[in-house]
Each structure stands twice: as structure tokens, then as C-alpha cells.
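Reviewing the structure listed below.
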Protein chains: 2
Amino acid sequence: MNNVRYGGLEAGGTKMICVATDEEGVWLDQLTIPTLTPEETVPPIVAFFKKNGITSLGIGSFGPLDLKEGSDTYGSLASTPKKGWKGYPLLDAFNELNVPIEITTDVNGAALAEATKGAAKGLDSCMYITVGTGIGAGAVVNGNVLEGLSHPEMGHVPVKPHKDDSFQGHCPYHGTCAEGMAAGPAIEARWGKAGIELAEDDKVWQLEAYYLAQAIAAYTYVLSPKKVIIGGGVMKQKQLYALIREELVQQLNGYMDIGNPDDYIVAPGLHEHAGIEGALLLARQAERKR
Amino acid sequence: MNNVRYGGLEAGGTKMICVATDEEGVWLDQLTIPTLTPEETVPPIVAFFKKNGITSLGIGSFGPLDLKEGSDTYGSLASTPKKGWKGYPLLDAFNELNVPIEITTDVNGAALAEATKGAAKGLDSCMYITVGTGIGAGAVVNGNVLEGLSHPEMGHVPVKPHKDDSFQGHCPYHGTCAEGMAAGPAIEARWGKAGIELAEDDKVWQLEAYYLAQAIAAYTYVLSPKKVIIGGGVMKQKQLYALIREELVQQLNGYMDIGNPDDYIVAPGLHEHAGIEGALLLARQAERKR
């Protein structure tokens, strides 16, 4: 088979989404399976891509990943609590396909997809933040995904506790970082109930917006992104978008011009598909580097 | 004159440094003048570049600058307190040279120079921080200077006040941001003396390192730079480098692997020349885009 066929893998902590497309990007086949141990999960994925005769593969994966250039364990999972995956050589698991592969974080992939065909379409700069069981973010800078020494870990930026908030934070590494104060488990630990049960409680979301806006202020000062896209389970509380915009404007205090906050802070344009679309774009990058 | 000649302008709040080089980068001529009003300062700079027959120009300027793509005032100074410079169209002032021009911030230029021929030579990612009358930082990501909506304003990231520090901060916009807690004027306002008079007072520098490390932790989480270069007047207190490394390792708490802290946090390799060397590299970029 000489036709170009792109394979995309969105490797999540809960499920694995695999798609094969033709050169035009038309979906030819797909497979979604739960993320169990690598031994159970990876072989059917390899088989799926083999069956579909893919000619390049893109992977957007949960992390932390080793993306250090020249590292012996490049493309392996680092210290994840997910059973069986710590140190797992995810990239190498697809060597037997014998096709070029690009790998980055799920959120970097999602940022790339949003910049290419989603809410930031046509922009060479944006960031994608997910607020769920953790806070993760990826970015596109000058048209390319942001990596450096390894990949960003933006959820862990320091935040100032609110003067009325005595919560000590839920991050085992940093206590009161953004993730420790505002991810789903932090909401539950602070208020004693899951976010979904607190939907009507305005003070919960006001405080949530305070911390998320503080993190976004830091990202804005450091990256100056053209657009900030926020998704993830916690953002199903749609009232958060307006609250975050208000808080952000207040915290920036006129120092940086973000234009219209309604255009700056937005929901994902690709809805739940940003991750897999990002993986498929990485497959295109891999093909070009062939 | 058909020979390629590069012009570089490091536009600082105190002085303007102009250099003309040949194609190989050999300095042919230079001019340094104090930064007075634009009317007094700019004409001799234009005359200098005319006299030297430059074929492209690079500018690394103090800020804030308007670097918004498509902006009518692209390349103009924004709201600087520097007399006469607010809104000044710096880029347009060199239109009469009729050569291609690239402009970015002084710190972005310095980061580019350090990545090309300084402390981060050979790396496609680094950041350059200056700690002086303010805190500014620029970065190189995937080999290019970091810009987005406009340019970063990294000095203004939020920081958590130290538990023993009741200082309310010195930033008119944000109070206790990194610049408000750790730039030169903040040191002087907190302790009642300029940093240079406090050189022997260990607790001053321990606290200074606490705040600078917190800002660098945020930059590390957001950008994952391959190297962090710190210069500026406050860093003449050389003991700060070791203190910042210690604090940073403690604050990251093992979450991100920065390798050897002595290699991660370093002084500028180009010493005082990072800014002008960056401007000259921008002139090369302008030439390539011709």
C-alpha cells in the first residue's frame, strides 16, 4: 500500500482513542478502548494501526512524558501514578510499525489542533488548558508546539491564596499551586463535595475563577498567547468562563492589553476532538519529516 | 554600495547603543549616546546608520512595545514613563533608511544572542532575565524569539509573599508581583537602602532569591526552557546565583527535572553585549526575509 495514511493516538489516562485517516484527513477507521495496563492496552492499538496500513503516526499522550532531546528514554512515561505505566516506553511500543512518529503531550496536541482548525484557527499562537483531575496546558508558539528542556507543566505555577481561603492545597509537590488549589480534587477537598454537586454555589465558582485567572495571568505574562482555550471536566460549569474573564481583567489591571476578553478566553472549538485531531496533525508533521 | 552591512540598535532607557558590521559580523563603527527625548536622540542614530550604509537593521528596545501583528502602531513604544517616548513610533523613525527592519524587546534580543553565541550557544531554547530597575525577560522557543499577542511581560507574574515578609510590594499595577517584590526599587523600598548598601546582609539576598526563584519556577513550568540566563544590576550581587539555585530546587520539589542547577541557572555569556548582539542578529533575520 503506497497511499499516505495518517494514524492518530490520543493516549489518555482513562481511554485510548485511535483513528486512521486518508491523506485528506477523512476518518477511515477508529478504535476507542479503556486504558488498562500497557500489556492489555497497547497490543490492540498496534494491531489497529497495522490493519489500517498507516504510513505515519502522531501521539498526544497523558504525562508526564520524557521529551528530553537525546534522552535514552525519550517518549516514555515518567512518574505517573497510573498502574503499570510508570516508565513505560510508549513511543518505542510502536517501533514495529516502522513508520515515522511524532509524540507530544495531549494538551500540546490539543493546542496544535485548536490553532490549526479550532477556536484559534489561523493563529500561530494559542494555548489550551484543561481543568479536570489535574490542570494541564499546552501551547503553540510561532506555529509550533511549545517544548524545551522537556514539556511544560503549567498546572503547577505558584498562586497566591485568596485572603478568605484557608485551604492548604492539594498538590503533593507544591500544596498551593494552581492545580493544588483549583483542579477537581482540590474543589472536592476544600468544599467536601464534588464540583458537580456544588453547581449552584456561587462562591465556589468565584473562588475557582480567582485561581484559574491567576494562573492564566501568569501564562499571559510569560507567553503572551493570542488566544486562551479552556476545556476539561471542571469547565462544564459554563458560568466559569465569564467569571474567569472578569477576574483576569481585574488581576491584569490594565497592564497587558488582551483585547476583548470574550475573544481571548474561549471554549475549545473542536469540543472533545481537540486531542485526537492534534494527534492526527502530528502524524502529518511526522510524514513531512520523513 | 552593494555590500551587506548590518545595523544593530540596542535602545535602552538610559542609553542607545548603535553598531554597524560587515557581513561577517566584524564591527565597523559604533555610537553610544544617552537616551534623552526622541527629538534629541533619534536623528543622530539615523545619521549613524546612513553614514554606514547599512542594508538591514535590527532593534532590541526597552518597552513596553506594540508588537501586535497588523497594529497601526506596530513598533511604537506604549505607555512608558520615560519622558517623550510614550507612543513614540520607534520602528517608523527608521523608515527613511529604506532597509528591512526587525524589532523586538531588548530582552528577547538578548535571549536570541545568548542562544546563538552566548551561554546557551547551540540550544534552540533559553530565556534571558534582567533584574534591575524592573524585571524583564525574553525567551527563545524552537529557535525563534517568543512573541504572541504582543511581547511577554514576565516580570509581572504573581508571587506568594514570604511568610516573614510584610512588604506590600512596589508595582503600581499588581503590588506583589515578581517585579513589585524583587526589582531594585522594591529592595530599596522594603529595606530603606539601595541593594548595593545591603551587600553584606544575608537575609536581604535570601529573601530576594526566594522571590526570583518563584518567578523562575513559574517560567520553568510554563516554558520549560533549556537554560535560564540572569543578568542586570541586581545580579551584581553574585551570591544570588547560588541562592536562587537552592531556592528553585526547593520550590520545584522534584516535580520537574532541570538537570544540574549550576548548568540551568547561569550568568550571561555575552556579559554586557547580549543586547547589541541580539539587535545585530535581528538585522540578519531582516536581511533573510528581504
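Ordering of the C-alpha cells sets the chain letters (A, B, ...); residue numbers start at 1 within each chain; ligands are numbered from 1 in the order shown.
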Per residue of stretch 104-176 of chain B within 12 Å of stretch 78-100 of chain B, record the nearest atom pair and its distance in Å to one decimal, counting only C-alpha atoms, with rows in chain order and ascending residue number, as JSON lines.
{"residue": "B:Thr104", "atom": "CA", "partner": "B:Leu91", "partner_atom": "CA", "distance": 10.0}
{"residue": "B:Thr105", "atom": "CA", "partner": "B:Leu90", "partner_atom": "CA", "distance": 11.9}
{"residue": "B:Ser150", "atom": "CA", "partner": "B:Ala78", "partner_atom": "CA", "distance": 11.3}
{"residue": "B:His151", "atom": "CA", "partner": "B:Ala78", "partner_atom": "CA", "distance": 11.7}
Would you mind listing, for every residue of chain B within 7 Å of chain A, the two atoms forming the shortest contact and the distance between them in Å to one decimal, using only C-alpha atoms, sorted by chain and ascending residue number, as a tab-separated table?
residue	atom	partner	partner_atom	distance
B:Ser125	CA	A:Gly148	CA	5.8
B:Glu147	CA	A:Ser224	CA	6.7
B:Gly148	CA	A:Pro225	CA	5.0
B:Leu149	CA	A:Lys226	CA	4.5
B:Ser150	CA	A:Ser224	CA	6.1
B:His151	CA	A:Ser224	CA	6.1
B:Pro152	CA	A:Val222	CA	5.2
B:Glu153	CA	A:Tyr221	CA	4.7
B:Met154	CA	A:Val222	CA	4.8
B:His156	CA	A:Tyr221	CA	6.5
B:Val157	CA	A:Ala218	CA	4.9
B:Pro158	CA	A:Ala218	CA	6.6
B:Val159	CA	A:Lys160	CA	6.5
B:Lys160	CA	A:Lys160	CA	5.0
B:Tyr173	CA	A:Asn253	CA	6.0
B:Ala218	CA	A:Val157	CA	4.9
B:Tyr219	CA	A:Val222	CA	6.8
B:Tyr221	CA	A:Glu153	CA	4.7
B:Val222	CA	A:Met154	CA	4.8
B:Leu223	CA	A:Pro152	CA	5.7
B:Ser224	CA	A:Gly148	CA	5.1
B:Pro225	CA	A:Gly148	CA	5.0
B:Lys226	CA	A:Leu149	CA	4.5
B:Asn253	CA	A:Tyr173	CA	6.0
B:Tyr255	CA	A:Tyr173	CA	6.6
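Restricting the calculation to only C-alpha atoms, the smallest distance between B:Ala279 and any of B:Tyr128, B:Phe167, B:Tyr6, B:Trp205 is found for B:Tyr6.
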Contacts of stretch 29-43 of chain A at 7 Å or less, counting only C-alpha atoms, minus same-chain residues fewer than 5 places along, as a VMD selection string?
-> chain A and resid 13 to 20 83 to 85
Which residues, written as a VMD selection string, have at least one atom at most 12 Å from stretch 187-200 of chain A, with only C-alpha atoms counted and residues fewer than 6 positions away on the same chain left out?
-> chain A and resid 131 to 134 165 to 171 176 178 to 181 206 to 209 211 233 to 240
Take the residues that were just selected and, keeping N, CA, C and O atoms, output them as a compact mmCIF listing (two decimals), in the first residue's frame.
# COMPACT_ATOMS: atom_id res chain seq x y z
N VAL A 131 -8.88 21.72 32.68
CA VAL A 131 -9.07 21.74 34.13
C VAL A 131 -9.97 20.56 34.48
O VAL A 131 -11.16 20.56 34.15
N GLY A 132 -9.37 19.54 35.08
CA GLY A 132 -10.13 18.34 35.41
C GLY A 132 -9.54 17.72 36.66
O GLY A 132 -9.42 18.41 37.68
N THR A 133 -9.12 16.46 36.56
CA THR A 133 -8.49 15.84 37.74
C THR A 133 -7.14 16.50 38.02
O THR A 133 -6.60 16.39 39.10
N GLY A 134 -6.60 17.15 37.03
CA GLY A 134 -5.40 17.97 37.20
C GLY A 134 -5.59 19.21 36.37
O GLY A 134 -6.66 19.43 35.78
N ASP A 165 -9.46 32.33 51.95
CA ASP A 165 -9.35 30.89 51.69
C ASP A 165 -8.22 30.32 52.53
O ASP A 165 -7.05 30.65 52.33
N SER A 166 -8.56 29.45 53.47
CA SER A 166 -7.52 28.89 54.33
C SER A 166 -7.10 27.49 53.87
O SER A 166 -6.29 26.83 54.51
N PHE A 167 -7.64 27.04 52.75
CA PHE A 167 -7.31 25.72 52.22
C PHE A 167 -5.80 25.62 51.96
O PHE A 167 -5.20 26.53 51.39
N GLN A 168 -5.21 24.50 52.37
CA GLN A 168 -3.75 24.37 52.29
C GLN A 168 -3.27 23.79 50.97
O GLN A 168 -2.07 23.63 50.75
N GLY A 169 -4.23 23.46 50.10
CA GLY A 169 -3.83 22.98 48.77
C GLY A 169 -3.73 21.48 48.71
O GLY A 169 -3.51 20.82 49.74
N HIS A 170 -3.84 20.94 47.50
CA HIS A 170 -4.00 19.51 47.32
C HIS A 170 -2.89 18.90 46.47
O HIS A 170 -2.92 17.73 46.12
N CYS A 171 -1.88 19.71 46.12
CA CYS A 171 -0.79 19.16 45.31
C CYS A 171 0.27 18.57 46.23
O CYS A 171 0.79 19.26 47.11
N THR A 176 -0.07 24.69 47.46
CA THR A 176 -0.95 25.71 46.89
C THR A 176 -0.55 26.20 45.49
O THR A 176 -0.59 27.39 45.22
N ALA A 178 -1.47 26.16 41.29
CA ALA A 178 -2.77 26.28 40.62
C ALA A 178 -3.53 24.95 40.66
O ALA A 178 -4.71 24.91 41.03
N GLU A 179 -2.85 23.87 40.31
CA GLU A 179 -3.50 22.56 40.35
C GLU A 179 -3.95 22.21 41.76
O GLU A 179 -5.03 21.68 41.98
N GLY A 180 -3.08 22.51 42.72
CA GLY A 180 -3.39 22.19 44.12
C GLY A 180 -4.56 22.99 44.67
O GLY A 180 -5.20 22.57 45.66
N MET A 181 -4.86 24.13 44.08
CA MET A 181 -5.95 24.98 44.56
C MET A 181 -7.21 24.90 43.71
O MET A 181 -8.30 25.26 44.19
N GLN A 206 -16.71 31.51 42.09
CA GLN A 206 -15.98 32.77 42.18
C GLN A 206 -14.55 32.51 42.62
O GLN A 206 -13.60 33.05 42.04
N LEU A 207 -14.39 31.66 43.63
CA LEU A 207 -13.04 31.33 44.11
C LEU A 207 -12.27 30.54 43.06
O LEU A 207 -11.07 30.78 42.84
N GLU A 208 -12.96 29.62 42.41
CA GLU A 208 -12.33 28.84 41.34
C GLU A 208 -11.80 29.77 40.25
O GLU A 208 -10.67 29.63 39.77
N ALA A 209 -12.62 30.74 39.87
CA ALA A 209 -12.23 31.70 38.83
C ALA A 209 -11.03 32.54 39.29
O ALA A 209 -10.14 32.86 38.49
N TYR A 211 -8.53 31.61 41.17
CA TYR A 211 -7.28 30.85 40.99
C TYR A 211 -6.96 30.59 39.52
O TYR A 211 -5.80 30.71 39.10
N GLY A 233 -13.21 18.77 32.44
CA GLY A 233 -14.44 18.48 33.19
C GLY A 233 -14.93 19.64 34.05
O GLY A 233 -16.13 19.93 34.09
N VAL A 234 -14.01 20.33 34.73
CA VAL A 234 -14.44 21.41 35.62
C VAL A 234 -15.10 22.54 34.83
O VAL A 234 -16.03 23.20 35.31
N MET A 235 -14.66 22.73 33.58
CA MET A 235 -15.21 23.83 32.76
C MET A 235 -16.62 23.52 32.25
O MET A 235 -17.22 24.35 31.56
N LYS A 236 -17.13 22.33 32.58
CA LYS A 236 -18.56 22.07 32.29
C LYS A 236 -19.44 23.02 33.09
O LYS A 236 -20.62 23.20 32.77
N GLN A 237 -18.90 23.60 34.14
CA GLN A 237 -19.59 24.70 34.83
C GLN A 237 -19.39 25.94 33.96
O GLN A 237 -18.46 26.72 34.15
N LYS A 238 -20.28 26.11 33.00
CA LYS A 238 -20.09 27.12 31.95
C LYS A 238 -20.01 28.54 32.50
O LYS A 238 -19.44 29.42 31.86
N GLN A 239 -20.59 28.74 33.69
CA GLN A 239 -20.54 30.07 34.28
C GLN A 239 -19.09 30.51 34.55
O GLN A 239 -18.80 31.70 34.69
N LEU A 240 -18.17 29.53 34.59
CA LEU A 240 -16.77 29.86 34.87
C LEU A 240 -16.14 30.77 33.82
O LEU A 240 -15.29 31.60 34.14
May I ask which of the residues B:Tyr241, B:Phe62, B:Phe49, B:Trp27 is the closest one to B:Asn108, counting only C-alpha atoms?
-> B:Phe62
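Computed from the coordinates, the atom CA of A:Asp106 to atom CA of B:Ile129 distance equals 29.6 Å.
The interatomic distance for the pair atom CA of A:Gly143 and atom CA of B:Ser56 works out to 25.3 Å.
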Can you tell me which residues surround A:His273 at a distance of at most 10 Å, considering only C-alpha atoms, apart from same-chain residues fewer than 6 positions away, and format the answer as a compact mmCIF listing (two decimals) with N, CA, C and O atoms, in the first residue's frame?
# COMPACT_ATOMS: atom_id res chain seq x y z
N GLU A 10 -4.71 9.36 20.69
CA GLU A 10 -4.86 10.20 21.88
C GLU A 10 -4.80 9.25 23.07
O GLU A 10 -5.75 8.50 23.33
N ALA A 110 -3.62 19.15 21.58
CA ALA A 110 -4.90 19.86 21.53
C ALA A 110 -4.69 21.33 21.14
O ALA A 110 -5.47 21.90 20.36
N ALA A 113 -4.14 21.45 17.44
CA ALA A 113 -5.39 21.24 16.70
C ALA A 113 -6.27 22.49 16.76
O ALA A 113 -6.85 22.90 15.75
N GLU A 114 -6.36 23.10 17.91
CA GLU A 114 -7.18 24.31 18.03
C GLU A 114 -6.61 25.45 17.17
O GLU A 114 -7.35 26.25 16.62
N GLY A 118 -9.42 24.84 14.96
CA GLY A 118 -10.41 25.04 16.02
C GLY A 118 -10.59 26.51 16.36
O GLY A 118 -10.61 27.38 15.49
Please provide the set of residues having any atom within 12 Å of B:Arg288, restricted to only C-alpha atoms, with same-chain residues fewer than 5 positions apart removed, written as a PyMOL selection string.
-> chain B and resi 4+6+55-57+100-102+281-283
Mind the document's chain letters and residue numbers, and return as a PyMOL selection string the residues of stretch 37-285 of chain B that DSSP labels strand (DSSP E).
-> chain B and resi 56-61+101-105+126-131+135-141+144-145+228-231+265-266
Report as a VMD selection string: the residues of stretch 200-254 of chain A with a DSSP assignment of alpha helix (DSSP H), based on the backbone of this structure.
-> chain A and resid 202 to 223 239 to 252
Export of prior selection with N, CA and C atoms as a CSV table (one decimal), in the first residue's frame:
chain,number,residue,atom,x,y,z
A,202,ASP,N,-22.5,29.9,44.2
A,202,ASP,CA,-21.7,30.9,43.5
A,202,ASP,C,-20.3,31.1,44.1
A,203,LYS,N,-20.2,31.0,45.4
A,203,LYS,CA,-18.9,31.4,46.0
A,203,LYS,C,-17.8,30.3,45.6
A,204,VAL,N,-18.3,29.1,45.3
A,204,VAL,CA,-17.3,28.1,44.9
A,204,VAL,C,-16.7,28.5,43.5
A,205,TRP,N,-17.5,29.0,42.6
A,205,TRP,CA,-17.0,29.3,41.3
A,205,TRP,C,-16.3,30.6,41.2
A,206,GLN,N,-16.7,31.5,42.1
A,206,GLN,CA,-16.0,32.8,42.2
A,206,GLN,C,-14.5,32.5,42.6
A,207,LEU,N,-14.4,31.7,43.6
A,207,LEU,CA,-13.0,31.3,44.1
A,207,LEU,C,-12.3,30.5,43.1
A,208,GLU,N,-13.0,29.6,42.4
A,208,GLU,CA,-12.3,28.8,41.3
A,208,GLU,C,-11.8,29.8,40.2
A,209,ALA,N,-12.6,30.7,39.9
A,209,ALA,CA,-12.2,31.7,38.8
A,209,ALA,C,-11.0,32.5,39.3
A,210,TYR,N,-11.0,32.9,40.6
A,210,TYR,CA,-9.9,33.6,41.1
A,210,TYR,C,-8.6,32.9,40.9
A,211,TYR,N,-8.5,31.6,41.2
A,211,TYR,CA,-7.3,30.9,41.0
A,211,TYR,C,-7.0,30.6,39.5
A,212,LEU,N,-8.0,30.2,38.7
A,212,LEU,CA,-7.7,30.0,37.3
A,212,LEU,C,-7.2,31.2,36.6
A,213,ALA,N,-7.9,32.4,37.0
A,213,ALA,CA,-7.4,33.6,36.4
A,213,ALA,C,-6.0,34.0,36.8
A,214,GLN,N,-5.6,33.6,38.0
A,214,GLN,CA,-4.3,33.9,38.4
A,214,GLN,C,-3.3,33.1,37.6
A,215,ALA,N,-3.6,31.8,37.4
A,215,ALA,CA,-2.7,31.0,36.5
A,215,ALA,C,-2.7,31.6,35.1
A,216,ILE,N,-3.8,32.0,34.6
A,216,ILE,CA,-3.9,32.5,33.2
A,216,ILE,C,-3.2,33.8,33.1
A,217,ALA,N,-3.2,34.6,34.2
A,217,ALA,CA,-2.4,35.9,34.2
A,217,ALA,C,-0.9,35.5,34.1
A,218,ALA,N,-0.5,34.5,34.8
A,218,ALA,CA,0.9,34.1,34.7
A,218,ALA,C,1.2,33.6,33.3
A,219,TYR,N,0.4,32.8,32.7
A,219,TYR,CA,0.6,32.4,31.3
A,219,TYR,C,0.6,33.5,30.3
A,220,THR,N,-0.3,34.5,30.6
A,220,THR,CA,-0.3,35.7,29.7
A,220,THR,C,0.9,36.5,29.8
A,221,TYR,N,1.5,36.7,31.0
A,221,TYR,CA,2.7,37.5,31.2
A,221,TYR,C,3.9,36.7,30.5
A,222,VAL,N,3.9,35.4,30.7
A,222,VAL,CA,5.1,34.6,30.2
A,222,VAL,C,5.0,34.4,28.7
A,223,LEU,N,3.8,34.0,28.2
A,223,LEU,CA,3.7,33.5,26.8
A,223,LEU,C,3.1,34.6,25.9
A,239,GLN,N,-20.6,28.7,33.7
A,239,GLN,CA,-20.5,30.1,34.3
A,239,GLN,C,-19.1,30.5,34.5
A,240,LEU,N,-18.2,29.5,34.6
A,240,LEU,CA,-16.8,29.9,34.9
A,240,LEU,C,-16.1,30.8,33.8
A,241,TYR,N,-16.5,30.6,32.6
A,241,TYR,CA,-15.9,31.4,31.5
A,241,TYR,C,-16.0,32.9,31.8
A,242,ALA,N,-17.2,33.3,32.1
A,242,ALA,CA,-17.4,34.8,32.3
A,242,ALA,C,-16.7,35.2,33.6
A,243,LEU,N,-16.8,34.3,34.6
A,243,LEU,CA,-16.1,34.7,35.9
A,243,LEU,C,-14.6,34.8,35.7
A,244,ILE,N,-14.0,33.9,35.0
A,244,ILE,CA,-12.6,33.9,34.7
A,244,ILE,C,-12.2,35.2,34.0
A,245,ARG,N,-13.0,35.5,33.0
A,245,ARG,CA,-12.7,36.8,32.2
A,245,ARG,C,-12.7,38.0,33.1
A,246,GLU,N,-13.7,38.1,34.0
A,246,GLU,CA,-13.8,39.2,34.9
A,246,GLU,C,-12.6,39.3,35.8
A,247,GLU,N,-12.3,38.1,36.4
A,247,GLU,CA,-11.2,38.1,37.3
A,247,GLU,C,-9.9,38.4,36.7
A,248,LEU,N,-9.7,37.9,35.4
A,248,LEU,CA,-8.4,38.1,34.7
A,248,LEU,C,-8.2,39.6,34.4
A,249,VAL,N,-9.3,40.2,34.0
A,249,VAL,CA,-9.2,41.7,33.7
A,249,VAL,C,-8.8,42.4,34.9
A,250,GLN,N,-9.4,42.1,36.0
A,250,GLN,CA,-9.1,42.7,37.3
A,250,GLN,C,-7.7,42.5,37.7
A,251,GLN,N,-7.2,41.3,37.6
A,251,GLN,CA,-5.9,40.9,38.0
A,251,GLN,C,-4.8,41.6,37.1
A,252,LEU,N,-5.0,41.6,35.8
A,252,LEU,CA,-4.1,42.2,34.9
A,252,LEU,C,-4.0,43.7,35.2
